[in-house]
Amino acid sequence: MQKIKTVLPVFLLFGCALLLAGCASLSTSISQFEGGNYVASVKSTLVYLDEKYKKADYDDSDERNGIRERMRIIESNYETAINSANPLEYDKKIAGYSALLEIRTMLAERRYYARYTDLPDRYPDATLREKLAGQYYLKATSAVVYKDDRQAAISFAAAADIYQKYGDYKDARKQAGKYKFAADNKDAAAYYQQGQDLVARNAQRSRAMYRDASQAFYNASDVYRDHGAYKDAQPLSEKYHAMGTVVLQISSNEPEGDITRSVLGLFDLGFTRFQYQGGAKADLGMYLNTSYIYYPPKFRQYVEAVSENVEFKKQDGSTAVRTYRFNRKVVEEVNSMQIVLDLSVTRVPPLDLRYDEVAESRRTTISYYGDVPGNGRYGYRTEGYLMDRDQLWRAAQAQLINRLNGDNRIRMIQDDIRNF
């Protein structure tokens, strides 16, 4: 009997949880319906019904009429929106047919759909797709009239894609290719001209303007990529990218060190190049000097006198107080790593920065001796831990990089590089 009493509440709780989950799903569906989010409402309803129909004895008599009515209103809403739209309101009709197609697809996958709606029977998949493709085709034709080649290409392609499972929709695929080429060619020409104009205006040989020209030529090449190479856009993009590169002359006492690499990472803006040896003319000089000192553990020890009054019962049942006098011994160990970075930049005016970061770790050991109470409160314990040299190095480096990232003077140097 004891086992039955223990297990039964668990099954009851599990059953209640399933019931609440099912109700929550239908409640969500109703809330979505009331908010006008009809496709989502249908999805939630079907999730609810899918779970219910897993039970062979599911009786939907309490919910059937409500679900039927919501389905009827949802279908009627989209049908009304489609029929009331004027002939040029393609997007309204596309939205309506798209929603009906999505709902129809979900319903057709369920054997039980006929209990709630006949939409899949009244709207065969091929019919809906044909109507939807027709609206995309009309929208594309309208875009052609207004010389919007890009929109025409997108809409013709949509018409072809939505109907492709049943074959070609008119000449939509051919027209999509035709107008995509026209749109890509037009955009490529505009980008190419933009690049030429930027180069022509760049009398001051601004690195930033060369980079803008490089991007424009790249855009021309990229937008035309499906059709091959667009003139000499790609070579010109590479040429002006190189001319837009800012060269930094680097001098460091640890050129391969982690600190140097981390600092230079802040100035690697995608168009910078670092050189350590003389040769090519540099736009900016940067000097780094890194030093660091490891301070091994230092010990500090002290002893404190402690006392505690503890009540206890005597043999005669009365209560007395005993005073314990004992000592607490504290041993503190501290080690640390110091990193000093001197960073100089040959901008105008020159900028000299110094960063001094210290990372430390601390371990405290506490013990007691003497007349210590035996209540367990005064055991040996350790607080904190000592990092090793490498751990402290990484901690100090992280502090340094975090400080550099938040320093407005570093951002000022980055802006200088961008403005060359």
# chains A, B, ... in the order shown; residues from 1 in each chain; ligands from 1

$ residues_around --residues "Ala182 (chain A)" --least-positions-apart "5" --cutoff "10 Å" --atoms "only C-alpha atoms" --output "PDB file with N, CA, C and O atoms, in the first residue's frame"
ATOM      1  N   ASP A 148      11.755  49.316 -63.679  1.00  0.00           N
ATOM      2  CA  ASP A 148      12.393  48.816 -62.462  1.00  0.00           C
ATOM      3  C   ASP A 148      12.853  47.389 -62.735  1.00  0.00           C
ATOM      4  O   ASP A 148      12.156  46.418 -62.421  1.00  0.00           O
ATOM      5  N   ASP A 149      14.025  47.283 -63.367  1.00  0.00           N
ATOM      6  CA  ASP A 149      14.512  45.965 -63.783  1.00  0.00           C
ATOM      7  C   ASP A 149      14.736  45.027 -62.605  1.00  0.00           C
ATOM      8  O   ASP A 149      14.487  43.820 -62.716  1.00  0.00           O
ATOM      9  N   ARG A 150      15.225  45.558 -61.482  1.00  0.00           N
ATOM     10  CA  ARG A 150      15.506  44.704 -60.327  1.00  0.00           C
ATOM     11  C   ARG A 150      14.230  44.081 -59.785  1.00  0.00           C
ATOM     12  O   ARG A 150      14.172  42.881 -59.523  1.00  0.00           O
ATOM     13  N   ALA A 153      12.924  41.439 -62.166  1.00  0.00           N
ATOM     14  CA  ALA A 153      13.674  40.183 -62.071  1.00  0.00           C
ATOM     15  C   ALA A 153      13.245  39.387 -60.852  1.00  0.00           C
ATOM     16  O   ALA A 153      13.036  38.164 -60.916  1.00  0.00           O
ATOM     17  N   ALA A 176      12.907  36.396 -65.966  1.00  0.00           N
ATOM     18  CA  ALA A 176      13.691  36.681 -64.754  1.00  0.00           C
ATOM     19  C   ALA A 176      15.169  36.832 -65.090  1.00  0.00           C
ATOM     20  O   ALA A 176      15.842  37.751 -64.622  1.00  0.00           O
ATOM     21  N   GLY A 177      15.693  35.921 -65.923  1.00  0.00           N
ATOM     22  CA  GLY A 177      17.089  36.014 -66.331  1.00  0.00           C
ATOM     23  C   GLY A 177      17.370  37.272 -67.123  1.00  0.00           C
ATOM     24  O   GLY A 177      18.400  37.928 -66.943  1.00  0.00           O
ATOM     25  N   ASP A 187      23.474  48.280 -62.501  1.00  0.00           N
ATOM     26  CA  ASP A 187      24.120  48.544 -61.204  1.00  0.00           C
ATOM     27  C   ASP A 187      25.636  48.505 -61.338  1.00  0.00           C
ATOM     28  O   ASP A 187      26.345  49.326 -60.737  1.00  0.00           O
ATOM     29  N   ALA A 188      26.148  47.546 -62.115  1.00  0.00           N
ATOM     30  CA  ALA A 188      27.597  47.448 -62.291  1.00  0.00           C
ATOM     31  C   ALA A 188      28.141  48.708 -62.954  1.00  0.00           C
ATOM     32  O   ALA A 188      29.198  49.218 -62.571  1.00  0.00           O
TER      33      ALA A 188
END

$ residues_around --residues "Ala108 (chain A)" --least-positions-apart "5" --cutoff "10 Å" --atoms "only C-alpha atoms" --output "PyMOL selection string"
chain A and resi 103+113-114+118-121+124-125

$ closest_atom_pairs --of "region 91-151 of chain A" --to "region 34-41 of chain A" --cutoff "12 Å" --atoms "only C-alpha atoms" --output "tab-separated table"
residue	atom	partner	partner_atom	distance
A:Ala95	CA	A:Val39	CA	11.4
A:Gly96	CA	A:Val39	CA	10.8
A:Tyr97	CA	A:Val39	CA	12.0
A:Ser98	CA	A:Val39	CA	10.2
A:Ala99	CA	A:Val39	CA	6.6
A:Leu100	CA	A:Val39	CA	8.5
A:Leu101	CA	A:Val39	CA	10.2
A:Glu102	CA	A:Val39	CA	7.6
A:Ile103	CA	A:Val39	CA	6.5
A:Arg104	CA	A:Val39	CA	10.3
A:Thr105	CA	A:Val39	CA	11.3
A:Met106	CA	A:Val39	CA	9.9
A:Leu107	CA	A:Val39	CA	11.4

$ residues_around --residues "Gln175 (chain A)" --least-positions-apart "2" --cutoff "10 Å" --atoms "only C-alpha atoms" --output "list in words"
Tyr137, Ala140, Thr141, Ala152, Ala153, Ser155, Phe156, Ala157, Ala160, Lys170, Asp171, Ala172, Arg173, Gly177, Lys178, Tyr179, Lys180 and Phe181 of chain A

$ atom_distance --atom1 "CA of Asp59 (chain A)" --atom2 "CA of Ile74 (chain A)"
23.7 Å

$ closest_residue --among "A:Asn202, A:Gln194, A:Gln338, A:Gln391" --to "Gly244 (chain A)" --atoms "only C-alpha atoms"
A:Asn202

$ residues_around --residues "Gln301 (chain A)" --least-positions-apart "4" --cutoff "8 Å" --atoms "only C-alpha atoms" --output "list in words"
Lys329, Val330, Val331 and Glu332 of chain A

$ write_last_selection --atoms "all heavy atoms" --output "CSV table (one decimal), in the first residue's frame"
chain,number,residue,atom,x,y,z
A,329,LYS,N,45.6,31.9,13.8
A,329,LYS,CA,46.8,32.1,13.0
A,329,LYS,C,46.4,32.4,11.5
A,329,LYS,O,45.7,31.6,10.9
A,329,LYS,CB,47.7,31.0,13.1
A,329,LYS,CG,49.0,31.2,12.3
A,329,LYS,CD,49.9,29.9,12.5
A,329,LYS,CE,51.2,30.1,11.7
A,329,LYS,NZ,52.1,28.9,11.8
A,330,VAL,N,46.8,33.5,11.0
A,330,VAL,CA,46.5,33.9,9.6
A,330,VAL,C,47.8,34.0,8.8
A,330,VAL,O,48.7,34.7,9.2
A,330,VAL,CB,45.7,35.2,9.5
A,330,VAL,CG1,45.4,35.6,8.1
A,330,VAL,CG2,44.4,35.1,10.3
A,331,VAL,N,47.8,33.3,7.7
A,331,VAL,CA,49.0,33.3,6.8
A,331,VAL,C,48.5,33.8,5.4
A,331,VAL,O,47.6,33.2,4.8
A,331,VAL,CB,49.7,32.0,6.6
A,331,VAL,CG1,50.9,32.1,5.7
A,331,VAL,CG2,50.2,31.5,8.0
A,332,GLU,N,49.0,35.0,5.0
A,332,GLU,CA,48.6,35.5,3.7
A,332,GLU,C,49.8,35.4,2.7
A,332,GLU,O,50.9,35.7,3.0
A,332,GLU,CB,48.2,37.0,3.8
A,332,GLU,CG,47.0,37.2,4.6
A,332,GLU,CD,46.6,38.7,4.7
A,332,GLU,OE1,47.5,39.6,4.4
A,332,GLU,OE2,45.4,39.0,5.0

$ closest_residue --among "A:Ile413, A:Lys54, A:Gln196, A:Asn65" --to "Leu264 (chain A)" --atoms "only C-alpha atoms"
A:Ile413

$ residues_around --residues "Asn335 (chain A)" --least-positions-apart "6" --cutoff "12 Å" --atoms "only C-alpha atoms" --output "ChimeraX atom specification"
/A:293-300,358-363,385-393

$ write_last_selection --atoms "C-alpha atoms" --output "PDB file, in the first residue's frame"
ATOM      1  CA  ILE A 293      58.231  41.754 -13.661  1.00  0.00           C
ATOM      2  CA  TYR A 294      57.064  38.697 -11.780  1.00  0.00           C
ATOM      3  CA  TYR A 295      56.854  39.115  -8.013  1.00  0.00           C
ATOM      4  CA  PRO A 296      57.038  35.690  -6.323  1.00  0.00           C
ATOM      5  CA  PRO A 297      54.845  34.930  -3.313  1.00  0.00           C
ATOM      6  CA  LYS A 298      55.351  37.125  -0.266  1.00  0.00           C
ATOM      7  CA  PHE A 299      54.264  35.862   3.119  1.00  0.00           C
ATOM      8  CA  ARG A 300      52.604  37.803   5.894  1.00  0.00           C
ATOM      9  CA  VAL A 358      49.349  44.558 -12.304  1.00  0.00           C
ATOM     10  CA  ALA A 359      47.563  41.253 -11.832  1.00  0.00           C
ATOM     11  CA  GLU A 360      47.828  39.582  -8.447  1.00  0.00           C
ATOM     12  CA  SER A 361      46.564  36.501  -6.690  1.00  0.00           C
ATOM     13  CA  ARG A 362      46.127  35.930  -2.992  1.00  0.00           C
ATOM     14  CA  ARG A 363      45.770  32.914  -0.735  1.00  0.00           C
ATOM     15  CA  TYR A 385      44.456  30.511  -4.482  1.00  0.00           C
ATOM     16  CA  LEU A 386      47.810  31.475  -5.924  1.00  0.00           C
ATOM     17  CA  MET A 387      48.147  31.671  -9.690  1.00  0.00           C
ATOM     18  CA  ASP A 388      51.314  30.472 -11.316  1.00  0.00           C
ATOM     19  CA  ARG A 389      53.518  32.761 -13.386  1.00  0.00           C
ATOM     20  CA  ASP A 390      51.785  31.992 -16.695  1.00  0.00           C
ATOM     21  CA  GLN A 391      48.313  32.506 -15.259  1.00  0.00           C
ATOM     22  CA  LEU A 392      49.294  35.885 -13.875  1.00  0.00           C
ATOM     23  CA  TRP A 393      50.870  36.815 -17.199  1.00  0.00           C
TER      24      TRP A 393
END

$ closest_residue --among "A:Tyr378, A:Tyr78, A:Tyr53, A:Tyr136" --to "Tyr112 (chain A)" --atoms "only C-alpha atoms"
A:Tyr53

$ atom_distance --atom1 "CA of Arg273 (chain A)" --atom2 "CA of Gln249 (chain A)"
8.7 Å

$ residues_around --residues "Phe271 (chain A)" --least-positions-apart "3" --cutoff "9 Å" --atoms "only C-alpha atoms" --output "VMD selection string"
chain A and resid 211 241 to 242 244 to 247 268 418

$ closest_residue --among "A:Arg207, A:Arg325, A:Lys314, A:Lys43" --to "Thr272 (chain A)" --atoms "only C-alpha atoms"
A:Arg207

$ atom_distance --atom1 "CA of Ser142 (chain A)" --atom2 "CA of Lys165 (chain A)"
25.2 Å

$ residues_around --residues "Ser221 (chain A)" --least-positions-apart "5" --cutoff "9 Å" --atoms "only C-alpha atoms" --output "PyMOL selection string"
chain A and resi 188+191-192+216+228-234+237

$ closest_residue --among "A:Glu69, A:Asp258, A:Glu304, A:Asp168" --to "Ile401 (chain A)" --atoms "only C-alpha atoms"
A:Asp258

$ closest_residue --among "A:Asp316, A:Gly285, A:Gly374, A:Glu383" --to "Leu351 (chain A)" --atoms "only C-alpha atoms"
A:Gly285

$ select_by_dssp --residues "region 79-281 of chain A" --states "helix (DSSP H, G or I)" --output "ChimeraX atom specification"
/A:79-84,90-108,113-115,119-122,125-145,149-166,172-201,207-223,225-227,233-243,258-266
